[in-house]
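Participant: My structure is stored as coords_16.tsv, with TSV, C-alpha atoms.
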```tsv
chain	number	residue	atom	x	y	z
K	22	MET	CA	-25.66	14.43	26.54
K	23	ASN	CA	-25.18	14.60	22.78
K	24	ARG	CA	-26.70	11.34	21.55
K	25	GLN	CA	-25.09	11.83	18.14
K	26	ALA	CA	-21.55	11.73	19.53
K	27	PRO	CA	-19.86	8.36	18.85
K	28	ILE	CA	-18.68	6.33	21.81
K	29	PHE	CA	-15.20	6.09	20.32
K	30	SER	CA	-13.39	6.68	17.06
K	31	LEU	CA	-11.18	4.15	15.29
K	32	GLU	CA	-9.88	4.36	11.73
K	33	TYR	CA	-9.35	1.26	9.65
K	34	LEU	CA	-8.61	0.25	6.08
K	35	PRO	CA	-10.30	-2.88	4.68
K	36	LEU	CA	-8.29	-4.46	1.85
K	37	LEU	CA	-10.00	-7.12	-0.25
K	38	ILE	CA	-7.32	-9.41	-1.69
K	39	ARG	CA	-8.10	-11.70	-4.61
K	40	PHE	CA	-6.01	-14.71	-5.64
K	41	GLU	CA	-6.58	-17.24	-8.40
K	42	MET	CA	-5.51	-20.76	-7.53
K	43	GLU	CA	-4.10	-23.87	-9.07
K	44	THR	CA	-6.21	-26.93	-8.25
K	45	SER	CA	-5.63	-27.29	-4.50
K	46	ARG	CA	-6.99	-28.87	-1.35
K	47	LEU	CA	-6.61	-26.30	1.40
K	48	PRO	CA	-7.48	-26.42	5.12
K	49	ALA	CA	-11.11	-25.73	5.93
K	50	PHE	CA	-10.11	-22.67	7.97
K	51	LEU	CA	-7.46	-20.61	6.26
K	52	GLY	CA	-6.53	-18.22	9.06
K	53	SER	CA	-3.03	-19.58	9.67
K	54	THR	CA	-2.41	-20.12	5.95
K	55	LEU	CA	-3.34	-16.57	4.93
K	56	HIS	CA	-1.59	-15.12	7.97
K	57	GLY	CA	1.56	-16.93	6.81
K	58	VAL	CA	1.28	-15.75	3.20
K	59	THR	CA	0.71	-12.15	4.26
K	60	GLY	CA	3.49	-12.22	6.85
K	61	TRP	CA	6.07	-13.80	4.54
K	62	ALA	CA	5.20	-11.33	1.79
K	63	LEU	CA	5.83	-8.42	4.15
K	64	THR	CA	9.19	-9.59	5.52
K	65	ARG	CA	11.05	-7.50	2.94
K	66	HIS	CA	9.68	-4.40	4.73
K	67	SER	CA	11.09	-4.98	8.21
K	68	GLU	CA	9.52	-1.95	9.94
K	69	SER	CA	6.07	-2.74	8.59
K	70	TYR	CA	6.40	-6.44	9.41
K	71	THR	CA	7.51	-5.75	12.99
K	72	TYR	CA	4.66	-3.33	13.67
K	73	VAL	CA	1.89	-5.40	12.10
K	74	PHE	CA	2.94	-8.98	12.92
K	75	GLU	CA	5.23	-8.69	15.95
K	76	ASN	CA	3.32	-5.93	17.68
K	77	ARG	CA	3.14	-7.74	21.00
K	78	ARG	CA	6.92	-7.66	21.35
K	79	LEU	CA	6.88	-3.85	21.60
K	80	ASP	CA	5.89	-3.84	25.28
K	81	GLY	CA	8.73	-6.03	26.55
K	82	ALA	CA	6.27	-8.93	27.00
K	83	ALA	CA	4.74	-7.29	30.09
K	84	GLN	CA	1.30	-7.53	28.50
K	85	ASP	CA	0.32	-8.49	24.98
K	86	ILE	CA	-0.40	-5.59	22.64
K	87	VAL	CA	-3.21	-6.44	20.26
K	88	ASN	CA	-1.99	-6.97	16.73
K	89	PRO	CA	-3.53	-4.18	14.63
K	90	TYR	CA	-5.22	-6.22	11.92
K	91	ILE	CA	-8.02	-8.67	11.28
K	92	ILE	CA	-8.04	-11.37	8.61
K	93	GLU	CA	-11.60	-11.97	7.44
K	94	LEU	CA	-11.69	-15.44	5.92
K	95	PRO	CA	-13.64	-16.84	2.97
K	96	ARG	CA	-16.22	-19.55	3.54
K	97	PRO	CA	-14.60	-23.00	3.61
K	98	GLU	CA	-14.17	-24.72	0.23
K	99	PRO	CA	-13.01	-28.36	0.11
K	100	VAL	CA	-11.24	-27.89	-3.25
K	101	TYR	CA	-10.13	-24.86	-5.22
K	102	TYR	CA	-9.94	-25.64	-8.93
K	103	LYS	CA	-7.62	-23.94	-11.39
K	104	GLY	CA	-8.84	-20.37	-11.95
K	105	ASP	CA	-11.11	-20.32	-8.87
K	106	PRO	CA	-10.89	-17.07	-6.89
K	107	LEU	CA	-9.77	-17.09	-3.27
K	108	CYS	CA	-10.79	-13.78	-1.68
K	109	PHE	CA	-10.16	-12.56	1.85
K	110	LYS	CA	-10.09	-9.27	3.70
K	111	LEU	CA	-7.08	-7.87	5.51
K	112	ILE	CA	-8.36	-5.08	7.76
K	113	LEU	CA	-5.66	-2.72	9.01
K	114	ILE	CA	-6.59	-1.00	12.27
K	115	GLY	CA	-5.42	2.30	13.74
K	116	ASP	CA	-1.77	3.14	13.17
K	117	ALA	CA	-1.28	0.03	11.03
K	118	VAL	CA	-2.83	1.97	8.13
K	119	ARG	CA	0.48	3.86	7.88
K	120	TYR	CA	1.94	0.73	6.32
K	121	ASP	CA	-0.76	0.25	3.69
K	122	LYS	CA	1.56	0.91	0.75
K	123	ASP	CA	4.17	-1.61	1.95
K	124	ILE	CA	1.49	-4.24	2.53
K	125	VAL	CA	-0.24	-3.79	-0.82
K	126	THR	CA	3.09	-3.72	-2.69
K	127	SER	CA	4.25	-6.89	-0.91
K	128	LEU	CA	1.06	-8.80	-1.65
K	129	THR	CA	1.33	-8.04	-5.37
K	130	GLN	CA	4.64	-9.96	-5.29
K	131	ALA	CA	3.48	-12.81	-3.04
K	132	HIS	CA	2.79	-15.34	-5.81
K	133	CYS	CA	6.29	-16.83	-5.50
K	134	LEU	CA	5.53	-18.22	-2.02
K	135	GLY	CA	2.90	-20.89	-2.64
K	136	ILE	CA	-0.12	-21.69	-0.44
K	137	GLY	CA	-0.77	-24.63	1.85
K	138	THR	CA	1.35	-27.67	2.65
K	139	GLU	CA	1.68	-28.50	-1.06
K	140	ARG	CA	2.88	-24.95	-1.79
K	141	LYS	CA	0.40	-24.59	-4.63
K	142	ALA	CA	0.99	-21.65	-6.94
K	143	PHE	CA	-1.42	-18.76	-7.01
K	144	GLU	CA	-1.70	-15.46	-8.82
K	145	GLN	CA	-2.71	-12.21	-7.16
K	146	THR	CA	-5.38	-10.72	-9.44
K	147	GLY	CA	-6.51	-7.67	-7.53
K	148	ILE	CA	-6.35	-5.72	-4.27
K	149	PHE	CA	-9.41	-3.57	-3.67
K	150	HIS	CA	-10.80	-1.26	-1.02
K	151	GLY	CA	-12.93	-3.76	0.89
K	152	ASP	CA	-15.96	-1.50	1.26
K	153	GLN	CA	-15.78	0.77	-1.79
K	154	ASN	CA	-14.33	-1.77	-4.27
K	155	GLY	CA	-11.82	0.65	-5.82
K	156	LEU	CA	-8.54	-0.88	-7.03
K	157	THR	CA	-5.69	0.08	-4.70
K	158	TRP	CA	-3.05	-1.21	-7.15
K	159	LYS	CA	-3.17	0.14	-10.70
K	160	GLN	CA	-0.59	-0.27	-13.44
K	161	GLY	CA	2.10	-1.28	-10.99
K	162	GLN	CA	1.48	1.62	-8.59
K	163	PHE	CA	-0.24	2.01	-5.23
K	164	ASP	CA	-3.30	4.26	-5.58
K	165	MET	CA	-3.54	6.46	-2.47
K	166	ASN	CA	-6.96	7.80	-3.50
K	167	ALA	CA	-8.47	4.32	-3.56
K	168	ALA	CA	-7.08	3.51	-0.09
K	169	GLU	CA	-9.54	5.78	1.73
K	170	LEU	CA	-9.81	5.17	5.46
K	171	GLU	CA	-13.06	4.18	7.15
K	172	ASN	CA	-14.07	5.01	10.71
K	173	ILE	CA	-15.95	2.65	12.97
K	174	SER	CA	-17.70	5.61	14.61
K	175	VAL	CA	-20.10	5.65	11.63
K	176	HIS	CA	-21.50	2.33	12.83
K	177	ALA	CA	-21.84	3.54	16.44
K	178	LEU	CA	-24.61	6.04	15.63
K	179	GLN	CA	-27.39	3.54	15.03
K	180	GLU	CA	-29.66	4.59	17.88
K	181	HIS	CA	-32.42	2.12	17.13
K	182	ALA	CA	-30.36	-1.07	17.26
K	183	SER	CA	-31.96	-3.39	19.84
K	184	TRP	CA	-30.36	-6.77	19.09
K	185	CYS	CA	-27.37	-8.39	17.46
K	186	SER	CA	-26.33	-11.85	16.35
K	187	VAL	CA	-22.88	-13.43	16.55
K	188	HIS	CA	-21.82	-16.04	13.99
K	189	LEU	CA	-18.77	-18.12	14.84
K	190	VAL	CA	-17.62	-19.07	11.34
K	191	THR	CA	-14.09	-20.10	12.36
K	192	PRO	CA	-12.76	-21.89	15.45
K	193	VAL	CA	-12.67	-19.64	18.52
K	194	ARG	CA	-10.42	-20.22	21.54
K	195	ILE	CA	-11.10	-18.17	24.67
K	196	ARG	CA	-9.22	-18.47	27.94
K	197	ARG	CA	-10.23	-17.14	31.34
K	198	GLY	CA	-7.67	-17.30	34.14
K	199	GLY	CA	-5.53	-19.53	31.92
K	200	ALA	CA	-8.29	-22.14	31.50
K	201	LEU	CA	-10.08	-22.84	28.23
K	202	VAL	CA	-13.68	-21.58	28.21
K	203	LYS	CA	-15.87	-24.46	27.03
K	204	PHE	CA	-19.22	-22.68	27.08
K	205	ILE	CA	-19.43	-19.25	25.45
K	206	ASP	CA	-22.38	-17.14	26.53
K	207	PHE	CA	-23.22	-13.54	25.64
K	208	PRO	CA	-21.69	-11.97	28.80
K	209	THR	CA	-18.39	-13.70	27.94
K	210	ILE	CA	-18.45	-12.34	24.37
K	211	ASN	CA	-19.40	-8.89	25.63
K	212	ARG	CA	-16.52	-8.84	28.15
K	213	ILE	CA	-14.04	-9.86	25.48
K	214	ILE	CA	-15.24	-7.19	23.04
K	215	THR	CA	-15.29	-4.39	25.63
K	216	ARG	CA	-11.81	-5.37	26.82
K	217	ARG	CA	-10.45	-5.45	23.28
K	218	ILE	CA	-11.83	-2.07	22.17
K	219	PRO	CA	-9.64	0.03	24.51
K	220	LEU	CA	-6.61	-2.11	23.58
K	221	LEU	CA	-7.20	-1.30	19.92
K	222	THR	CA	-7.92	2.37	20.45
```
Could you render the structure as structure tokens?
Facilitator:
Amino acid sequence: MNRQAPIFSLEYLPLLIRFEMETSRLPAFLGSTLHGVTGWALTRHSESYTYVFENRRLDGAAQDIVNPYIIELPRPEPVYYKGDPLCFKLILIGDAVRYDKDIVTSLTQAHCLGIGTERKAFEQTGIFHGDQNGLTWKQGQFDMNAAELENISVHALQEHASWCSVHLVTPVRIRRGGALVKFIDFPTINRIITRRIPLLT
């Protein structure tokens, strides 16, 4: 066996999105809020919106297809004051990277939407490659060179890893057989991860 061969290969594009806020009180966990802002911004590109945000409809509802993105949230802040940055990552996975230009372009125009229940104004001040920090939007144009894809296989070659830690920084809801799982142990997390990987790949 070739121990250097990765277990699987999966391309992704991490986009680091930076907003500056008006003084605002926002929910402690911004998953739904940022999902809404990103989704509404993308509605003008119907093909991209359908693939990224309505992906599970593509199978005729026989079985959910995993939506091909992850929103990585900032740490909770009780109040954002005028000029404070709000940064989050939107990680496009697999074929969703084909829509990177539509997504970046849409987010540069998202300031008209408002954030939170009070619809506070915000200004988009930069969209970067989340790992390499290069600007993906320069002088009103999408920079293809800065939107370089990453591959998770790079992280699968660490032969000497012997432990890991899992930090639940946002609310997690897991169901098994339709019932809510109230105690999450490592075998449960491992089953969920190993089930999700083939769905994504």
Participant: Write out as a list in words each polymer residue whose atoms come within 10 Å of stretch 137-139 of chain K, counting all atoms listed in the file; drop sequence neighbours fewer than 6 positions from it.
Facilitator: Ser45, Arg46, Leu47, Pro48, Leu51, Ser53, Thr54, Leu55, Gly57 and Val58 of chain K
Participant: Could you give me, as a ChimeraX atom specification, the residues within 12 Å of K:Pro97, counting all atoms listed in the file and dropping anything in the same chain fewer than 2 positions from it?
Facilitator: /K:46-52,94-95,99-101,107-109,190-191
Participant: Just give me the gap between atom CA of K:Arg96 and atom CA of K:Ile112 in Å, one decimal is fine.
Facilitator: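 Those two atoms sit 17.0 Å apart.
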Participant: Using all atoms listed in the file, which of the listed residues (K:Gly147, K:Pro106, K:Pro89, K:Gly155) sits closest to K:Val118?
Facilitator: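 Selected residue with least distance to K:Val118: K:Pro89.
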Participant: I'd like the neighbourhood of K:Asp164 as a PyMOL selection string, where a residue qualifies if any of its atoms comes within 12 Å (using only C-alpha atoms), though same-chain residues fewer than 2 positions away should be ignored.
Facilitator: chain K and resi 121-122+125-126+148-150+155-162+166-169
Participant: Can you write just those residues out, C-alpha atoms, as an mmCIF file, in the coordinates of the input?
Facilitator:
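This is the output file part_29.cif:
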```cif
data_model
loop_
_atom_site.group_PDB
_atom_site.id
_atom_site.type_symbol
_atom_site.label_atom_id
_atom_site.label_comp_id
_atom_site.auth_asym_id
_atom_site.auth_seq_id
_atom_site.Cartn_x
_atom_site.Cartn_y
_atom_site.Cartn_z
ATOM 1 C CA ASP K 121 -0.760 0.250 3.690
ATOM 2 C CA LYS K 122 1.560 0.910 0.750
ATOM 3 C CA VAL K 125 -0.240 -3.790 -0.820
ATOM 4 C CA THR K 126 3.090 -3.720 -2.690
ATOM 5 C CA ILE K 148 -6.350 -5.720 -4.270
ATOM 6 C CA PHE K 149 -9.410 -3.570 -3.670
ATOM 7 C CA HIS K 150 -10.800 -1.260 -1.020
ATOM 8 C CA GLY K 155 -11.820 0.650 -5.820
ATOM 9 C CA LEU K 156 -8.540 -0.880 -7.030
ATOM 10 C CA THR K 157 -5.690 0.080 -4.700
ATOM 11 C CA TRP K 158 -3.050 -1.210 -7.150
ATOM 12 C CA LYS K 159 -3.170 0.140 -10.700
ATOM 13 C CA GLN K 160 -0.590 -0.270 -13.440
ATOM 14 C CA GLY K 161 2.100 -1.280 -10.990
ATOM 15 C CA GLN K 162 1.480 1.620 -8.590
ATOM 16 C CA ASN K 166 -6.960 7.800 -3.500
ATOM 17 C CA ALA K 167 -8.470 4.320 -3.560
ATOM 18 C CA ALA K 168 -7.080 3.510 -0.090
ATOM 19 C CA GLU K 169 -9.540 5.780 1.730
#
```
Participant: Using all atoms listed in the file, can you tell me which of K:Leu113, K:Val193, K:Leu37, K:Val73 comes closest to K:Glu171?
Facilitator: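 Smallest distance to K:Glu171 is found for K:Leu113.
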Participant: What does the distance between atom CA of K:Arg216 and atom CA of K:Ser174 come to in Å, to one decimal place?
Facilitator: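 Separation between atom CA of K:Arg216 and atom CA of K:Ser174: 17.4 Å.
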Participant: What does the distance from atom CA of K:Leu111 to atom CA of K:His188 come to in Å, to one decimal?
Facilitator: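 Going from atom CA of K:Leu111 over to atom CA of K:His188 covers 18.9 Å.
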Participant: Counting only C-alpha atoms, figure out which residue out of K:Ile218, K:Leu128, K:Leu63, K:Ala200 gets nearest to K:Phe163.
Facilitator: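 Among the listed residues, the smallest separation from K:Phe163 belongs to K:Leu128.
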Participant: Neighbouring residues of K:Ser30 were defined as those with any atom within 7 Å, considering all atoms listed in the file; residues of the same chain fewer than 2 positions away were excluded. Please report them as a PyMOL selection string.
Facilitator: chain K and resi 27+32+172-174
Participant: Could you give me, as a ChimeraX atom specification, the residues within 9 Å of K:Asp105, counting only C-alpha atoms and dropping anything in the same chain fewer than 2 positions from it?
Facilitator: /K:40-44,101-103,107
Participant: Would you save the residues of that selection, restricted to C-alpha atoms, as a short mmCIF file (atom, residue, chain, number, x, y, z; two decimals), keeping the file's coordinate frame?
Facilitator:
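See selection.cif below for the written result:
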```cif
data_model
loop_
_atom_site.label_atom_id
_atom_site.label_comp_id
_atom_site.auth_asym_id
_atom_site.auth_seq_id
_atom_site.Cartn_x
_atom_site.Cartn_y
_atom_site.Cartn_z
CA PHE K 40 -6.01 -14.71 -5.64
CA GLU K 41 -6.58 -17.24 -8.40
CA MET K 42 -5.51 -20.76 -7.53
CA GLU K 43 -4.10 -23.87 -9.07
CA THR K 44 -6.21 -26.93 -8.25
CA TYR K 101 -10.13 -24.86 -5.22
CA TYR K 102 -9.94 -25.64 -8.93
CA LYS K 103 -7.62 -23.94 -11.39
CA LEU K 107 -9.77 -17.09 -3.27
#
```
Participant: Would you mind writing stretch 112-123 of chain K with all heavy atoms, as a PDB file, keeping the file's coordinate frame?
Facilitator:
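Okay, result.pdb is ready:
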```pdb
ATOM      1  N   ILE K 112      -7.892  -6.356   7.229  1.00  0.00           N
ATOM      2  CA  ILE K 112      -8.360  -5.080   7.760  1.00  0.00           C
ATOM      3  C   ILE K 112      -7.282  -4.502   8.658  1.00  0.00           C
ATOM      4  O   ILE K 112      -6.971  -5.066   9.709  1.00  0.00           O
ATOM      5  CB  ILE K 112      -9.684  -5.267   8.527  1.00  0.00           C
ATOM      6  CG1 ILE K 112     -10.736  -5.922   7.623  1.00  0.00           C
ATOM      7  CG2 ILE K 112     -10.189  -3.929   9.062  1.00  0.00           C
ATOM      8  CD1 ILE K 112     -11.977  -6.377   8.352  1.00  0.00           C
ATOM      9  N   LEU K 113      -6.691  -3.406   8.231  1.00  0.00           N
ATOM     10  CA  LEU K 113      -5.660  -2.720   9.010  1.00  0.00           C
ATOM     11  C   LEU K 113      -6.336  -1.753   9.960  1.00  0.00           C
ATOM     12  O   LEU K 113      -7.215  -0.980   9.556  1.00  0.00           O
ATOM     13  CB  LEU K 113      -4.696  -1.974   8.088  1.00  0.00           C
ATOM     14  CG  LEU K 113      -4.020  -2.815   7.003  1.00  0.00           C
ATOM     15  CD1 LEU K 113      -3.150  -1.927   6.127  1.00  0.00           C
ATOM     16  CD2 LEU K 113      -3.205  -3.938   7.625  1.00  0.00           C
ATOM     17  N   ILE K 114      -5.910  -1.759  11.229  1.00  0.00           N
ATOM     18  CA  ILE K 114      -6.590  -1.000  12.270  1.00  0.00           C
ATOM     19  C   ILE K 114      -5.655   0.040  12.861  1.00  0.00           C
ATOM     20  O   ILE K 114      -4.488  -0.241  13.152  1.00  0.00           O
ATOM     21  CB  ILE K 114      -7.093  -1.945  13.385  1.00  0.00           C
ATOM     22  CG1 ILE K 114      -8.055  -2.988  12.808  1.00  0.00           C
ATOM     23  CG2 ILE K 114      -7.780  -1.170  14.501  1.00  0.00           C
ATOM     24  CD1 ILE K 114      -8.411  -4.084  13.773  1.00  0.00           C
ATOM     25  N   GLY K 115      -6.177   1.253  13.054  1.00  0.00           N
ATOM     26  CA  GLY K 115      -5.420   2.300  13.740  1.00  0.00           C
ATOM     27  C   GLY K 115      -4.148   2.667  13.008  1.00  0.00           C
ATOM     28  O   GLY K 115      -4.123   2.877  11.796  1.00  0.00           O
ATOM     29  N   ASP K 116      -3.037   2.706  13.750  1.00  0.00           N
ATOM     30  CA  ASP K 116      -1.770   3.140  13.170  1.00  0.00           C
ATOM     31  C   ASP K 116      -1.216   2.173  12.129  1.00  0.00           C
ATOM     32  O   ASP K 116      -0.303   2.534  11.378  1.00  0.00           O
ATOM     33  CB  ASP K 116      -0.720   3.330  14.278  1.00  0.00           C
ATOM     34  CG  ASP K 116      -0.984   4.581  15.109  1.00  0.00           C
ATOM     35  OD1 ASP K 116      -1.758   5.442  14.648  1.00  0.00           O
ATOM     36  OD2 ASP K 116      -0.418   4.696  16.210  1.00  0.00           O
ATOM     37  N   ALA K 117      -1.748   0.972  12.048  1.00  0.00           N
ATOM     38  CA  ALA K 117      -1.280   0.030  11.030  1.00  0.00           C
ATOM     39  C   ALA K 117      -1.561   0.536   9.619  1.00  0.00           C
ATOM     40  O   ALA K 117      -0.903   0.111   8.662  1.00  0.00           O
ATOM     41  CB  ALA K 117      -1.919  -1.338  11.226  1.00  0.00           C
ATOM     42  N   VAL K 118      -2.511   1.450   9.467  1.00  0.00           N
ATOM     43  CA  VAL K 118      -2.830   1.970   8.130  1.00  0.00           C
ATOM     44  C   VAL K 118      -1.647   2.756   7.552  1.00  0.00           C
ATOM     45  O   VAL K 118      -1.587   2.976   6.339  1.00  0.00           O
ATOM     46  CB  VAL K 118      -4.105   2.839   8.139  1.00  0.00           C
ATOM     47  CG1 VAL K 118      -5.302   2.039   8.629  1.00  0.00           C
ATOM     48  CG2 VAL K 118      -3.922   4.100   8.975  1.00  0.00           C
ATOM     49  N   ARG K 119      -0.700   3.154   8.397  1.00  0.00           N
ATOM     50  CA  ARG K 119       0.480   3.860   7.880  1.00  0.00           C
ATOM     51  C   ARG K 119       1.307   2.979   6.958  1.00  0.00           C
ATOM     52  O   ARG K 119       2.108   3.470   6.163  1.00  0.00           O
ATOM     53  CB  ARG K 119       1.382   4.320   9.045  1.00  0.00           C
ATOM     54  CG  ARG K 119       0.751   5.354   9.957  1.00  0.00           C
ATOM     55  CD  ARG K 119       1.700   5.726  11.071  1.00  0.00           C
ATOM     56  NE  ARG K 119       2.065   4.562  11.876  1.00  0.00           N
ATOM     57  CZ  ARG K 119       2.861   4.617  12.941  1.00  0.00           C
ATOM     58  NH1 ARG K 119       3.411   5.763  13.300  1.00  0.00           N
ATOM     59  NH2 ARG K 119       3.135   3.531  13.640  1.00  0.00           N
ATOM     60  N   TYR K 120       1.130   1.666   7.086  1.00  0.00           N
ATOM     61  CA  TYR K 120       1.940   0.730   6.320  1.00  0.00           C
ATOM     62  C   TYR K 120       1.163   0.135   5.145  1.00  0.00           C
ATOM     63  O   TYR K 120       1.558  -0.895   4.596  1.00  0.00           O
ATOM     64  CB  TYR K 120       2.442  -0.380   7.241  1.00  0.00           C
ATOM     65  CG  TYR K 120       3.225   0.146   8.418  1.00  0.00           C
ATOM     66  CD1 TYR K 120       2.685   0.165   9.700  1.00  0.00           C
ATOM     67  CD2 TYR K 120       4.498   0.679   8.243  1.00  0.00           C
ATOM     68  CE1 TYR K 120       3.401   0.677  10.781  1.00  0.00           C
ATOM     69  CE2 TYR K 120       5.219   1.197   9.319  1.00  0.00           C
ATOM     70  CZ  TYR K 120       4.664   1.190  10.577  1.00  0.00           C
ATOM     71  OH  TYR K 120       5.375   1.707  11.634  1.00  0.00           O
ATOM     72  N   ASP K 121       0.082   0.805   4.748  1.00  0.00           N
ATOM     73  CA  ASP K 121      -0.760   0.250   3.690  1.00  0.00           C
ATOM     74  C   ASP K 121      -0.011   0.065   2.380  1.00  0.00           C
ATOM     75  O   ASP K 121      -0.147  -0.949   1.699  1.00  0.00           O
ATOM     76  CB  ASP K 121      -2.021   1.087   3.482  1.00  0.00           C
ATOM     77  CG  ASP K 121      -1.729   2.569   3.258  1.00  0.00           C
ATOM     78  OD1 ASP K 121      -0.548   2.963   3.210  1.00  0.00           O
ATOM     79  OD2 ASP K 121      -2.697   3.347   3.132  1.00  0.00           O
ATOM     80  N   LYS K 122       0.839   1.011   2.028  1.00  0.00           N
ATOM     81  CA  LYS K 122       1.560   0.910   0.750  1.00  0.00           C
ATOM     82  C   LYS K 122       2.505  -0.290   0.765  1.00  0.00           C
ATOM     83  O   LYS K 122       2.568  -1.055  -0.205  1.00  0.00           O
ATOM     84  CB  LYS K 122       2.338   2.194   0.472  1.00  0.00           C
ATOM     85  CG  LYS K 122       3.067   2.170  -0.867  1.00  0.00           C
ATOM     86  CD  LYS K 122       3.765   3.488  -1.139  1.00  0.00           C
ATOM     87  CE  LYS K 122       4.486   3.454  -2.481  1.00  0.00           C
ATOM     88  NZ  LYS K 122       5.176   4.733  -2.767  1.00  0.00           N
ATOM     89  N   ASP K 123       3.258  -0.469   1.850  1.00  0.00           N
ATOM     90  CA  ASP K 123       4.170  -1.610   1.950  1.00  0.00           C
ATOM     91  C   ASP K 123       3.409  -2.929   1.842  1.00  0.00           C
ATOM     92  O   ASP K 123       3.854  -3.872   1.169  1.00  0.00           O
ATOM     93  CB  ASP K 123       4.928  -1.590   3.281  1.00  0.00           C
ATOM     94  CG  ASP K 123       5.987  -0.496   3.333  1.00  0.00           C
ATOM     95  OD1 ASP K 123       6.263   0.123   2.288  1.00  0.00           O
ATOM     96  OD2 ASP K 123       6.539  -0.259   4.427  1.00  0.00           O
TER      97      ASP K 123
END
```
